[in-house]
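Student: This is protein-v6.txt, which holds compact mmCIF, C-alpha atoms and all ligand atoms:
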```
# COMPACT_ATOMS: atom_id res chain seq x y z
CA MET D 27 5.18 14.60 -3.13
CA LYS D 28 1.90 12.73 -2.64
CA THR D 29 1.78 8.98 -2.14
CA TYR D 30 -1.15 7.02 -3.56
CA LEU D 31 -2.12 3.57 -2.38
CA VAL D 32 -4.01 2.24 -5.40
CA THR D 33 -5.73 -1.08 -4.74
CA GLY D 34 -6.71 -3.35 -7.63
CA GLY D 35 -4.16 -1.55 -9.78
CA ALA D 36 -3.43 -4.63 -11.91
CA GLY D 37 -7.02 -4.79 -13.16
CA PHE D 38 -8.64 -2.99 -16.07
CA ILE D 39 -9.41 0.47 -14.68
CA GLY D 40 -6.81 0.43 -11.89
CA SER D 41 -3.95 -0.19 -14.34
CA ASN D 42 -5.22 2.52 -16.68
CA PHE D 43 -5.44 4.86 -13.69
CA ILE D 44 -1.87 4.15 -12.59
CA ALA D 45 -0.64 4.70 -16.16
CA PHE D 46 -2.63 7.95 -16.29
CA LEU D 47 -1.07 9.20 -13.04
CA LEU D 48 2.48 8.22 -13.99
CA ASP D 49 2.07 9.86 -17.41
CA THR D 50 0.56 13.03 -15.92
CA TYR D 51 2.59 13.67 -12.77
CA LYS D 52 6.30 13.32 -12.05
CA ASP D 53 6.21 14.28 -8.37
CA ILE D 54 4.08 11.45 -7.00
CA LYS D 55 4.64 7.97 -5.59
CA ILE D 56 2.33 5.04 -6.27
CA ILE D 57 1.95 1.77 -4.41
CA ASN D 58 -0.17 -0.75 -6.27
CA LEU D 59 -1.67 -3.37 -3.94
CA ASP D 60 -3.32 -6.17 -5.88
CA LYS D 61 -4.16 -9.77 -5.06
CA LEU D 62 -3.72 -10.78 -8.73
CA THR D 63 -6.95 -12.71 -9.03
CA TYR D 64 -7.91 -14.01 -12.48
CA ALA D 65 -8.66 -10.36 -13.41
CA GLY D 66 -5.30 -8.92 -12.34
CA ASN D 67 -2.46 -8.88 -14.84
CA LEU D 68 0.91 -7.22 -14.28
CA GLU D 69 1.47 -7.15 -18.04
CA ASN D 70 -0.95 -4.21 -18.07
CA LEU D 71 1.75 -2.07 -16.46
CA ILE D 72 4.86 -3.54 -18.06
CA ASN D 73 5.78 -0.12 -19.52
CA TYR D 74 6.21 1.22 -15.99
CA ASP D 75 8.43 -1.57 -14.64
CA GLY D 76 11.51 -0.07 -13.08
CA PHE D 77 9.95 3.35 -12.46
CA GLU D 78 11.40 4.53 -9.15
CA ASN D 79 8.16 6.12 -8.02
CA TYR D 80 6.03 3.03 -8.70
CA LYS D 81 5.95 -0.11 -6.56
CA PHE D 82 3.81 -3.25 -6.83
CA ILE D 83 2.84 -5.29 -3.77
CA LYS D 84 1.00 -8.58 -4.20
CA GLY D 85 -1.61 -8.85 -1.46
CA ASP D 86 -5.21 -8.84 -0.34
CA ILE D 87 -7.09 -5.79 0.94
CA ASN D 88 -8.45 -8.12 3.62
CA ASP D 89 -4.94 -8.70 5.01
CA SER D 90 -4.75 -6.32 8.00
CA VAL D 91 -1.15 -7.21 8.85
CA LEU D 92 0.00 -6.30 5.35
CA LEU D 93 -2.06 -3.08 5.30
CA ASN D 94 -0.58 -2.02 8.63
CA GLU D 95 2.90 -2.68 7.29
CA ILE D 96 2.22 -0.60 4.16
CA PHE D 97 0.90 2.34 6.20
CA GLU D 98 3.77 2.07 8.71
CA ASN D 99 6.43 2.11 5.99
CA ASN D 100 4.87 4.75 3.75
CA GLU D 101 3.31 8.14 4.29
CA ILE D 102 0.09 7.31 2.38
CA ASP D 103 -1.88 10.41 1.34
CA TYR D 104 -4.61 8.90 -0.82
CA VAL D 105 -6.22 5.48 -0.85
CA VAL D 106 -7.91 4.85 -4.20
CA ASN D 107 -9.88 1.65 -3.89
CA PHE D 108 -10.41 -0.09 -7.22
CA ALA D 109 -9.92 -3.61 -5.80
CA ALA D 110 -13.07 -5.61 -6.35
CA GLU D 111 -14.69 -8.62 -7.83
CA SER D 112 -16.31 -6.86 -10.77
CA HIS D 113 -18.28 -9.24 -12.97
CA VAL D 114 -22.05 -9.50 -12.55
CA ASP D 115 -22.27 -13.01 -14.03
CA ARG D 116 -19.68 -14.34 -11.61
CA SER D 117 -21.55 -12.73 -8.72
CA ILE D 118 -24.68 -14.63 -9.73
CA GLU D 119 -22.64 -17.86 -9.63
CA ASN D 120 -20.76 -17.15 -6.38
CA PRO D 121 -21.82 -14.11 -4.32
CA SER D 122 -19.63 -14.85 -1.26
CA ILE D 123 -16.31 -13.65 -2.66
CA PHE D 124 -18.04 -10.41 -3.66
CA VAL D 125 -18.96 -9.72 -0.03
CA GLU D 126 -15.48 -10.72 1.16
CA THR D 127 -13.59 -8.45 -1.22
CA ASN D 128 -16.00 -5.64 -2.01
CA VAL D 129 -17.55 -5.18 1.44
CA LEU D 130 -15.19 -6.61 4.07
CA GLY D 131 -12.08 -5.62 2.14
CA THR D 132 -13.30 -2.03 1.86
CA LEU D 133 -14.08 -1.95 5.59
CA ASN D 134 -10.60 -3.25 6.36
CA LEU D 135 -9.04 -0.52 4.24
CA LEU D 136 -11.21 2.12 5.92
CA ASN D 137 -10.26 0.90 9.40
CA THR D 138 -6.55 0.90 8.60
CA ALA D 139 -6.51 4.31 6.92
CA LYS D 140 -8.52 5.78 9.79
CA LYS D 141 -6.08 4.36 12.34
CA PHE D 142 -3.05 5.87 10.61
CA TRP D 143 -4.59 9.20 9.58
CA GLN D 144 -6.36 10.09 12.83
CA LYS D 145 -4.80 12.89 14.93
CA ALA D 146 -7.59 13.25 17.53
CA GLU D 147 -11.28 12.48 17.75
CA ASP D 148 -12.83 13.38 14.37
CA ILE D 149 -9.59 15.08 13.27
CA TYR D 150 -7.31 13.70 10.58
CA ILE D 151 -3.97 14.72 9.13
CA GLU D 152 -4.60 17.49 6.58
CA GLY D 153 -4.87 16.46 2.94
CA LYS D 154 -5.59 12.76 3.41
CA LYS D 155 -8.43 11.20 1.44
CA PHE D 156 -10.05 7.82 0.83
CA ILE D 157 -11.60 7.46 -2.62
CA GLN D 158 -14.06 4.64 -3.15
CA ILE D 159 -14.44 3.66 -6.80
CA SER D 160 -18.04 2.64 -7.14
CA THR D 161 -20.43 2.12 -10.00
CA ASP D 162 -23.73 3.37 -11.42
CA GLU D 163 -25.05 -0.17 -10.90
CA VAL D 164 -25.73 0.65 -7.24
CA TYR D 165 -28.71 2.78 -8.41
CA GLY D 166 -30.45 -0.20 -9.97
CA SER D 167 -32.24 -0.08 -13.29
CA LEU D 168 -34.00 2.69 -15.25
CA SER D 169 -36.91 2.44 -17.67
CA ASN D 170 -36.69 4.33 -20.97
CA GLU D 171 -36.73 7.73 -19.30
CA GLY D 172 -34.56 9.54 -16.75
CA TYR D 173 -31.01 9.48 -15.41
CA PHE D 174 -29.18 8.49 -12.24
CA THR D 175 -28.23 11.54 -10.17
CA GLU D 176 -26.30 11.46 -6.88
CA GLU D 177 -29.69 11.71 -5.13
CA THR D 178 -31.16 8.61 -6.78
CA PRO D 179 -31.81 6.06 -4.01
CA LEU D 180 -29.61 2.99 -4.00
CA ASP D 181 -31.50 0.00 -5.38
CA PRO D 182 -28.99 -2.67 -6.42
CA HIS D 183 -30.21 -5.95 -7.93
CA SER D 184 -27.24 -8.25 -8.53
CA PRO D 185 -24.98 -9.61 -5.79
CA TYR D 186 -22.21 -7.54 -7.43
CA SER D 187 -24.09 -4.24 -7.25
CA ALA D 188 -25.43 -5.08 -3.78
CA SER D 189 -21.87 -5.59 -2.55
CA LYS D 190 -20.76 -2.29 -4.11
CA ALA D 191 -23.74 -0.47 -2.57
CA SER D 192 -22.88 -1.98 0.83
CA ALA D 193 -19.32 -0.73 0.51
CA ASP D 194 -20.58 2.73 -0.47
CA LEU D 195 -22.76 2.86 2.63
CA LEU D 196 -19.81 1.90 4.85
CA VAL D 197 -17.63 4.57 3.26
CA GLN D 198 -20.38 7.16 3.69
CA SER D 199 -20.89 6.04 7.30
CA PHE D 200 -17.21 6.72 8.06
CA PHE D 201 -17.73 10.30 6.92
CA ASP D 202 -21.04 10.74 8.77
CA THR D 203 -19.85 9.07 11.98
CA TYR D 204 -16.13 9.87 12.26
CA LYS D 205 -15.77 12.78 9.78
CA PHE D 206 -13.27 10.54 8.01
CA PRO D 207 -12.27 12.20 4.68
CA VAL D 208 -13.86 10.34 1.78
CA ASN D 209 -15.24 10.66 -1.71
CA ILE D 210 -17.28 8.11 -3.63
CA THR D 211 -17.32 8.03 -7.44
CA ARG D 212 -20.00 6.20 -9.40
CA CYS D 213 -19.07 5.68 -13.02
CA SER D 214 -20.97 4.12 -15.90
CA ASN D 215 -19.64 1.16 -17.94
CA ASN D 216 -16.02 1.65 -18.99
CA TYR D 217 -14.39 0.47 -22.21
CA GLY D 218 -10.80 0.58 -23.41
CA PRO D 219 -7.51 -1.36 -23.38
CA PHE D 220 -6.82 -4.13 -20.85
CA GLN D 221 -10.42 -5.05 -20.00
CA PHE D 222 -10.72 -8.72 -19.10
CA PRO D 223 -12.51 -10.50 -21.97
CA GLU D 224 -15.38 -11.75 -19.85
CA LYS D 225 -16.94 -8.28 -20.28
CA LEU D 226 -19.07 -7.48 -23.34
CA ILE D 227 -16.76 -5.40 -25.56
CA PRO D 228 -13.53 -7.44 -25.40
CA LEU D 229 -15.57 -10.66 -25.48
CA VAL D 230 -17.31 -9.60 -28.69
CA ILE D 231 -14.00 -8.56 -30.30
CA HIS D 232 -12.46 -11.88 -29.30
CA GLN D 233 -15.37 -13.86 -30.74
CA CYS D 234 -15.26 -11.86 -33.97
CA ILE D 235 -11.54 -12.40 -34.47
CA GLU D 236 -12.04 -16.13 -33.91
CA LYS D 237 -15.25 -16.08 -36.02
CA LYS D 238 -17.18 -17.69 -33.21
CA GLN D 239 -20.69 -17.03 -31.95
CA ILE D 240 -21.40 -13.75 -30.17
CA PRO D 241 -23.80 -14.45 -27.31
CA ILE D 242 -26.32 -11.66 -26.66
CA TYR D 243 -28.36 -12.00 -23.51
CA GLY D 244 -32.15 -11.73 -23.81
CA ASP D 245 -33.44 -9.41 -26.56
CA GLY D 246 -30.23 -7.34 -26.78
CA LEU D 247 -32.11 -4.15 -25.99
CA ASN D 248 -30.61 -3.57 -22.55
CA VAL D 249 -28.90 -0.19 -22.48
CA ARG D 250 -25.49 0.64 -21.03
CA ASP D 251 -23.88 4.09 -20.83
CA TRP D 252 -20.27 3.76 -22.07
CA LEU D 253 -17.26 5.86 -21.08
CA PHE D 254 -13.68 5.54 -22.37
CA VAL D 255 -11.52 4.41 -19.46
CA GLU D 256 -9.11 7.36 -19.70
CA ASP D 257 -12.03 9.74 -19.14
CA HIS D 258 -12.94 7.82 -15.98
CA CYS D 259 -9.32 8.21 -14.84
CA SER D 260 -9.29 11.98 -15.41
CA ALA D 261 -12.55 12.29 -13.45
CA VAL D 262 -11.16 10.33 -10.48
CA ASP D 263 -8.02 12.47 -10.57
CA LEU D 264 -10.15 15.63 -10.30
CA VAL D 265 -12.23 14.18 -7.47
CA ILE D 266 -9.05 13.35 -5.55
CA LYS D 267 -7.73 16.87 -5.99
CA ASN D 268 -10.89 18.98 -5.72
CA GLY D 269 -13.82 16.83 -4.60
CA GLN D 270 -15.61 18.13 -1.53
CA LEU D 271 -15.18 15.79 1.41
CA GLY D 272 -18.10 13.43 2.00
CA GLU D 273 -19.51 13.93 -1.50
CA VAL D 274 -20.52 11.42 -4.16
CA TYR D 275 -19.70 12.17 -7.82
CA ASN D 276 -21.39 10.43 -10.74
CA ILE D 277 -19.20 9.98 -13.82
CA GLY D 278 -20.55 9.42 -17.32
CA GLY D 279 -20.46 10.89 -20.82
CA HIS D 280 -24.05 10.45 -22.12
CA ASN D 281 -23.20 7.53 -24.36
CA GLU D 282 -26.15 5.22 -24.13
CA LYS D 283 -26.15 2.21 -26.44
CA THR D 284 -28.29 -0.90 -26.67
CA ASN D 285 -26.19 -4.03 -26.49
CA ILE D 286 -27.24 -5.10 -29.97
CA GLY D 287 -26.43 -1.64 -31.36
CA LEU D 288 -22.99 -1.75 -29.82
CA VAL D 289 -22.29 -5.28 -31.08
CA ASN D 290 -23.40 -4.32 -34.60
CA LYS D 291 -21.02 -1.37 -34.51
CA ILE D 292 -18.07 -3.60 -33.56
CA ILE D 293 -19.00 -6.15 -36.22
CA GLY D 294 -19.36 -3.38 -38.85
CA TYR D 295 -15.87 -2.03 -38.16
CA LEU D 296 -14.22 -5.46 -38.12
CA ASN D 297 -16.08 -6.46 -41.28
CA GLU D 298 -14.64 -3.48 -43.14
CA GLU D 299 -11.18 -3.44 -41.64
CA VAL D 300 -10.36 -7.10 -41.02
CA ASP D 301 -12.48 -9.73 -42.75
CA GLU D 302 -15.83 -9.74 -44.52
CA ASN D 303 -16.63 -13.09 -42.89
CA ILE D 304 -17.06 -11.18 -39.64
CA ASN D 305 -20.75 -10.37 -39.95
CA LYS D 306 -24.09 -10.38 -38.16
CA GLU D 307 -24.49 -14.12 -38.64
CA LEU D 308 -22.14 -14.56 -35.69
CA ILE D 309 -24.78 -13.07 -33.37
CA THR D 310 -26.63 -15.62 -31.24
CA PHE D 311 -29.37 -14.64 -28.83
CA VAL D 312 -28.98 -16.70 -25.65
CA LYS D 313 -31.00 -16.93 -22.46
CA ASP D 314 -31.13 -13.74 -20.43
CA ARG D 315 -28.92 -12.97 -17.44
CA LYS D 316 -30.84 -13.45 -14.16
CA GLY D 317 -32.14 -10.13 -12.81
CA HIS D 318 -30.67 -8.35 -15.86
CA ASP D 319 -30.82 -4.56 -15.31
CA ARG D 320 -32.56 -2.93 -18.28
CA ARG D 321 -30.99 0.47 -18.56
CA TYR D 322 -28.20 2.51 -16.94
CA ALA D 323 -27.71 6.22 -17.68
CA ILE D 324 -25.68 8.72 -15.70
CA ASP D 325 -26.41 12.40 -15.16
CA PRO D 326 -22.86 13.86 -14.82
CA THR D 327 -23.98 17.47 -14.18
CA LYS D 328 -22.48 17.65 -10.70
CA ILE D 329 -18.91 16.70 -11.65
CA GLU D 330 -19.10 18.84 -14.80
CA LYS D 331 -20.26 21.91 -12.90
CA GLU D 332 -18.36 21.54 -9.60
CA LEU D 333 -15.09 20.13 -10.87
CA GLN D 334 -15.19 21.24 -14.54
CA TRP D 335 -14.72 17.66 -15.72
CA LYS D 336 -15.33 16.92 -19.39
CA PRO D 337 -14.73 13.65 -21.21
CA LYS D 338 -12.07 13.86 -23.89
CA TYR D 339 -13.24 11.00 -26.11
CA HIS D 340 -16.35 10.79 -28.27
CA PHE D 341 -17.69 7.27 -28.41
CA GLU D 342 -16.93 7.02 -32.13
CA THR D 343 -13.21 7.70 -31.54
CA GLY D 344 -12.94 5.75 -28.30
CA ILE D 345 -14.47 2.58 -29.65
CA ILE D 346 -12.21 2.52 -32.72
CA LYS D 347 -9.14 3.16 -30.55
CA THR D 348 -10.31 0.29 -28.34
CA ILE D 349 -10.99 -2.20 -31.14
CA ASP D 350 -7.63 -1.35 -32.75
CA TRP D 351 -5.89 -1.94 -29.43
CA TYR D 352 -7.42 -5.42 -29.11
CA LEU D 353 -6.51 -6.20 -32.73
CA ASP D 354 -2.91 -5.26 -31.97
CA ASN D 355 -2.97 -7.30 -28.77
CA SER D 356 -4.95 -10.37 -29.83
CA GLU D 357 -2.45 -12.70 -28.14
CA TRP D 358 -3.10 -11.00 -24.82
CA LEU D 359 -6.83 -11.38 -25.42
CA ASN D 360 -6.45 -15.10 -26.14
CA ASN D 361 -4.07 -15.89 -23.34
CA ILE D 362 -6.22 -14.70 -20.51
CA LEU D 363 -9.57 -16.16 -21.54
CA ASP D 364 -8.97 -19.27 -19.46
CA ASP D 365 -10.59 -22.70 -19.84
CA GLU D 366 -12.24 -22.46 -16.43
CA TYR D 367 -14.16 -19.37 -17.47
CA LYS D 368 -15.11 -20.87 -20.81
CA LYS D 369 -16.61 -23.88 -18.98
CA TYR D 370 -18.49 -21.62 -16.60
CA TYR D 371 -19.80 -19.50 -19.46
CA GLN D 372 -20.87 -22.51 -21.49
CA LYS D 373 -22.92 -23.80 -18.58
CA ASN D 374 -24.83 -20.51 -18.42
CA TYR D 375 -24.99 -19.02 -21.90
CA GLY D 376 -23.65 -21.52 -24.40
CA LYS D 377 -20.36 -22.50 -25.94
CA LEU D 378 -17.86 -19.72 -26.62
CA ASN D 379 -16.03 -21.76 -29.28
P1 LIG Y 1 -11.21 -5.79 -12.71
O1 LIG Y 1 -11.98 -7.01 -12.34
O2 LIG Y 1 -10.64 -5.67 -14.08
O3 LIG Y 1 -10.01 -5.58 -11.69
C1 LIG Y 1 -10.12 -5.78 -10.32
C2 LIG Y 1 -8.72 -5.86 -9.73
O4 LIG Y 1 -8.85 -6.02 -8.31
C3 LIG Y 1 -7.90 -7.06 -10.23
O5 LIG Y 1 -6.60 -6.63 -10.57
C4 LIG Y 1 -7.88 -7.99 -9.03
O6 LIG Y 1 -6.72 -8.80 -9.00
C5 LIG Y 1 -7.95 -7.03 -7.88
N1 LIG Y 1 -8.50 -7.64 -6.65
C6 LIG Y 1 -9.60 -8.42 -6.54
N2 LIG Y 1 -9.77 -8.80 -5.26
C7 LIG Y 1 -8.76 -8.22 -4.53
C8 LIG Y 1 -8.41 -8.22 -3.16
N3 LIG Y 1 -9.14 -8.91 -2.27
N4 LIG Y 1 -7.34 -7.52 -2.77
C9 LIG Y 1 -6.58 -6.83 -3.69
N5 LIG Y 1 -6.86 -6.82 -4.99
C10 LIG Y 1 -7.94 -7.49 -5.42
O7 LIG Y 1 -12.20 -4.58 -12.39
P2 LIG Y 1 -12.35 -3.17 -13.13
O8 LIG Y 1 -13.30 -3.30 -14.23
O9 LIG Y 1 -11.00 -2.60 -13.34
O10 LIG Y 1 -13.07 -2.35 -11.96
C11 LIG Y 1 -12.33 -1.66 -10.96
C12 LIG Y 1 -13.28 -0.96 -10.03
O11 LIG Y 1 -14.10 -0.05 -10.74
C13 LIG Y 1 -14.23 -1.91 -9.31
O12 LIG Y 1 -14.36 -1.49 -7.98
C14 LIG Y 1 -15.54 -1.75 -10.07
O13 LIG Y 1 -16.63 -1.97 -9.19
C15 LIG Y 1 -15.48 -0.31 -10.49
N6 LIG Y 1 -16.19 0.03 -11.73
C16 LIG Y 1 -16.01 -0.70 -12.86
C17 LIG Y 1 -16.66 -0.34 -14.04
C18 LIG Y 1 -16.45 -1.09 -15.33
O14 LIG Y 1 -17.11 -0.81 -16.33
N7 LIG Y 1 -15.52 -2.03 -15.40
C19 LIG Y 1 -17.53 0.76 -14.05
C20 LIG Y 1 -17.69 1.50 -12.86
C21 LIG Y 1 -17.01 1.12 -11.71
P1 LIG Y 2 -20.92 -6.49 -18.90
O1 LIG Y 2 -19.79 -6.12 -19.80
O2 LIG Y 2 -20.85 -7.79 -18.15
O3 LIG Y 2 -21.15 -5.26 -17.92
P2 LIG Y 2 -22.36 -4.98 -16.86
O4 LIG Y 2 -23.20 -6.19 -16.74
O5 LIG Y 2 -21.60 -4.69 -15.59
O6 LIG Y 2 -23.09 -3.80 -17.41
O7 LIG Y 2 -22.24 -6.52 -19.78
C1 LIG Y 2 -22.68 -5.39 -20.50
C2 LIG Y 2 -24.03 -5.72 -21.10
O8 LIG Y 2 -23.87 -6.75 -22.09
C3 LIG Y 2 -25.03 -6.29 -20.09
O9 LIG Y 2 -26.33 -5.80 -20.43
C4 LIG Y 2 -24.95 -7.79 -20.31
C5 LIG Y 2 -24.65 -7.91 -21.78
N1 LIG Y 2 -23.83 -9.08 -22.20
C6 LIG Y 2 -24.26 -9.88 -23.27
O10 LIG Y 2 -25.35 -9.67 -23.86
N2 LIG Y 2 -23.48 -10.93 -23.64
C7 LIG Y 2 -22.31 -11.23 -23.02
O11 LIG Y 2 -21.64 -12.22 -23.40
C8 LIG Y 2 -21.87 -10.39 -21.94
C9 LIG Y 2 -20.59 -10.67 -21.22
C10 LIG Y 2 -22.67 -9.32 -21.58
```
Represent the structure from my file as structure tokens, please.
Ligand code: NAD
Ligand code: TYD

Tutor:
Amino acid sequence: MKTYLVTGGAGFIGSNFIAFLLDTYKDIKIINLDKLTYAGNLENLINYDGFENYKFIKGDINDSVLLNEIFENNEIDYVVNFAAESHVDRSIENPSIFVETNVLGTLNLLNTAKKFWQKAEDIYIEGKKFIQISTDEVYGSLSNEGYFTEETPLDPHSPYSASKASADLLVQSFFDTYKFPVNITRCSNNYGPFQFPEKLIPLVIHQCIEKKQIPIYGDGLNVRDWLFVEDHCSAVDLVIKNGQLGEVYNIGGHNEKTNIGLVNKIIGYLNEEVDENINKELITFVKDRKGHDRRYAIDPTKIEKELQWKPKYHFETGIIKTIDWYLDNSEWLNNILDDEYKKYYQKNYGKLN
């Protein structure tokens, strides 16, 4: 019986990951530690309320006293660190919280896990592992050609990606210095249910349903490499089980789309399925994001070859499943797009309503 400490498990990917684990394995225990910031929502896991092998703890990964208590009271086998401030635009507005959570919080988790897992100098209890959930954004930006491999030098541009790269370097340093058991995963952009509607896909769906303007930054030709969230979860699961200690694994499914291409696809589907008044006229080009990375694209060869990982969802199926989910959960989408964020967004990119 393995016990997972999943941090940030009330957010988009963390909650999907917990659901994935609870649906896949019966003989595990999960502790979800989440601060419940604006991005955390316990509704995401309502189906698992009352499960005996799942426990939620509200708290901050920077809280050493709480972390010590969790490790003292539970035999933690895996730490899977999803907890983060995750939105590039917010990091441009206020970088400090990104360093506090993404960098200092990760260091605090590393220190605590090391303290409880260490048997002797450079020796740890067998089977323990710290998994850092990172992002392709740490590699910076590509031109039209090429892919990010695990050897691509880190070259982050936004305060968000700089904070994630810093955390990655700390995690790697714990392996290099103390032989502390770690893996780092670097995934491309995720899409799927429960993504906070500040991010492109749920934001566009929300605006379409409300027949409000869809703000596209710059010329709309920036490229992102999209992966259905469940495929990210299955990759992390494999890395936990079979990843070689100290290694980094890129995760991606070769699904590059320009932002405008993606938005047109969403509009096209909603136009046919929901309302013909949802059309391209809703698109509004707004000023570009500062330091906007042009293109991300992952080379997933290593995880495919070493761990036999393969994504299950083609983009065409995943995106329809995703749009349908938001259509069925439009109240959820509306409820969490708070006034504070709308004001912030309006200041930077224009009115959302
Ligand atoms: P999210 O913003 O939806 O969720 C983050 C969660 O972390 C929230 O539940 C929040 O309450 C929690 N949290 C924030 N600060 C905390 C703290 N100090 N202590 C405890 N909990 C805290 O983010 P997401 O999109 O689910 O991303 C999860 C992780 O995956 C992040 O580390 C992100 O860098 C990484 N990632 C995201 C993507 C993507 O496309 N969303 C792609 C690759 C990697
Ligand atoms: P986002 O979902 O914020 O993810 P990331 O910046 O981490 O890749 O944005 C995805 C892309 O969409 C990015 O190129 C910025 C762009 N974008 C818009 O054009 N308009 C928007 O309203 C948002 C939120 C993003």

Student: Find the residues of chain D that sit at most 7 Å from ligand LIG 2 (chain Y); for each, write down the nearest two atoms and how far apart they are in Å, to one decimal. Count only C-alpha atoms and all ligand atoms. Sort by chain, then by number going up, and give it as a tab-separated table.

Tutor:
```
residue	atom	partner	partner_atom	distance
D:His113	CA	Y:LIG2	O2	6.0
D:Val114	CA	Y:LIG2	O4	5.5
D:Asp115	CA	Y:LIG2	O2	6.8
D:Asn215	CA	Y:LIG2	O6	6.1
D:Glu224	CA	Y:LIG2	C9	5.5
D:Lys225	CA	Y:LIG2	O1	3.6
D:Leu226	CA	Y:LIG2	O1	3.9
D:Ile227	CA	Y:LIG2	O1	6.5
D:Leu229	CA	Y:LIG2	C9	6.6
D:Ile240	CA	Y:LIG2	O11	6.9
D:Pro241	CA	Y:LIG2	O11	5.0
D:Ile242	CA	Y:LIG2	O10	3.6
D:Tyr243	CA	Y:LIG2	O10	3.8
D:Gly246	CA	Y:LIG2	O10	6.1
D:Asn248	CA	Y:LIG2	O9	5.3
D:Val249	CA	Y:LIG2	O9	6.5
D:Arg250	CA	Y:LIG2	O6	6.2
D:Asn285	CA	Y:LIG2	O8	5.7
D:His318	CA	Y:LIG2	O9	6.8
D:Asp319	CA	Y:LIG2	O9	6.9
```

Student: What gap, in Å, lies between atom O9 of ligand LIG 1 (chain Y) and atom CA of D:Tyr80?

Tutor: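 That distance, rounded to one decimal, is 18.5 Å.
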
Student: To one decimal place in Å, what is the distance between atom CA of D:Asn100 and atom CA of D:Leu48?

Tutor: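 Atom CA of D:Leu48 lies at a distance of 18.2 Å from atom CA of D:Asn100.
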
Student: Give the residue list for ligand LIG 1 (chain Y) at 7 Å, counting only C-alpha atoms and all ligand atoms, as JSON, numbers by chain, sorted by chain and then by residue number.

Tutor: {"D": [33, 34, 35, 36, 37, 38, 39, 40, 59, 60, 61, 62, 63, 64, 65, 66, 67, 85, 86, 87, 88, 107, 108, 109, 110, 111, 112, 113, 127, 131, 159, 160, 161, 162, 190, 212, 213, 214, 215, 216, 217, 221, 222]}

Student: In terms of the shortest atom-to-atom distance over all atoms listed in the file, which of D:Ile157, D:Leu196, D:Ile286, D:Val164 is closest to D:Gly269?

Tutor: D:Ile157

Student: What is the distance, in Å and to one decimal place, between atom CA of D:Leu296 and atom CA of D:Ser356?

Tutor: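 Atom-to-atom, atom CA of D:Leu296 to atom CA of D:Ser356, that is 13.4 Å.
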
Student: Considering all atoms listed in the file, state which residue in the set D:Tyr74, D:Val300, D:Tyr275, D:Pro185 is at the smallest distance from D:Asn58.

Tutor: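 Using all atoms listed in the file, D:Asn58 sits closest to D:Tyr74.
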
Student: Can you tell me which residues surround D:Lys306 at a distance of at most 9 Å, considering all atoms listed in the file, apart from same-chain residues fewer than 5 positions away, and format the answer as a PyMOL selection string?

Tutor: chain D and resi 289-290+293-294

Student: Limited to C-alpha atoms, could you put the picked residues into a file as a PDB file, in the coordinates of the input?

Tutor:
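To be explicit, this is the file written out as out.pdb:
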```pdb
ATOM      1  CA  VAL D 289     -22.290  -5.280 -31.080  1.00  0.00           C
ATOM      2  CA  ASN D 290     -23.400  -4.320 -34.600  1.00  0.00           C
ATOM      3  CA  ILE D 293     -19.000  -6.150 -36.220  1.00  0.00           C
ATOM      4  CA  GLY D 294     -19.360  -3.380 -38.850  1.00  0.00           C
TER       5      GLY D 294
END
```

Student: List as a VMD selection string the protein and nucleic acid residues near D:Leu135, meaning an atom at most 12 Å away when all atoms listed in the file are counted, but skip any in the same chain fewer than 3 places from it.

Tutor: chain D and resid 31 to 33 59 86 to 94 96 to 97 104 to 109 127 to 132 138 to 143 156 to 158 193 196 to 197 200

Student: Excluding D:Tyr173 and residues on its chain fewer than 6 positions from it, collect all residues at most 10 Å away from it, counting all atoms listed in the file, and give them as a short mmCIF file (atom, residue, chain, number, x, y, z; two decimals) with C-alpha atoms, keeping the file's coordinate frame.

Tutor:
```cif
data_model
loop_
_atom_site.label_atom_id
_atom_site.label_comp_id
_atom_site.auth_asym_id
_atom_site.auth_seq_id
_atom_site.Cartn_x
_atom_site.Cartn_y
_atom_site.Cartn_z
CA TYR D 165 -28.71 2.78 -8.41
CA SER D 167 -32.24 -0.08 -13.29
CA HIS D 280 -24.05 10.45 -22.12
CA ARG D 321 -30.99 0.47 -18.56
CA TYR D 322 -28.20 2.51 -16.94
CA ALA D 323 -27.71 6.22 -17.68
CA ILE D 324 -25.68 8.72 -15.70
CA ASP D 325 -26.41 12.40 -15.16
CA PRO D 326 -22.86 13.86 -14.82
#
```

Student: Have a look at D:Lys28, D:Lys145, D:Lys291, D:Lys328 and name the one nearest to D:Asn305; count only C-alpha atoms.

Tutor: D:Lys291

Student: Looking at D:Ile304, D:Leu168, D:Ile292, D:Ile345, which one is nearest to D:Leu253, with distances taken over all atoms listed in the file?

Tutor: D:Ile345

Student: Between D:Phe206, D:Tyr339, D:Phe220, D:Tyr352, which residue has the minimum interatomic distance to D:Asp257, considering all atoms listed in the file?

Tutor: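 Closest to D:Asp257, using all atoms listed in the file: D:Tyr339.
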
Student: Could you give me the centre and size, in Å to one decimal, of an axis-aligned box around all listed atoms of stretch 90-103 of chain D with 4 Å added on every side, as AutoDock Vina command-line options?

Tutor:
```
--center_x 0.8 --center_y 1.6 --center_z 5.1 --size_x 19.2 --size_y 25.6 --size_z 15.5
```

Student: Excluding D:Phe77 and its own-chain neighbours fewer than 5 positions away, which residues fall within 12 Å of it when counting all atoms listed in the file? Please give them as number ranges by chain.

Tutor: D: 44-45, 48-49, 52, 54-57, 71-72, 82

Student: Using all atoms listed in the file, find all polymer residues with an atom at most 8 Å away from the point (-6.7, 9.6, -11.5); report them as a list of chain:residue names.

Tutor: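 It turns out the residues near that spot are D:Phe43, D:Ile44, D:Phe46, D:Leu47, D:His258, D:Cys259, D:Ser260, D:Ala261, D:Val262, D:Asp263, D:Leu264, D:Ile266.
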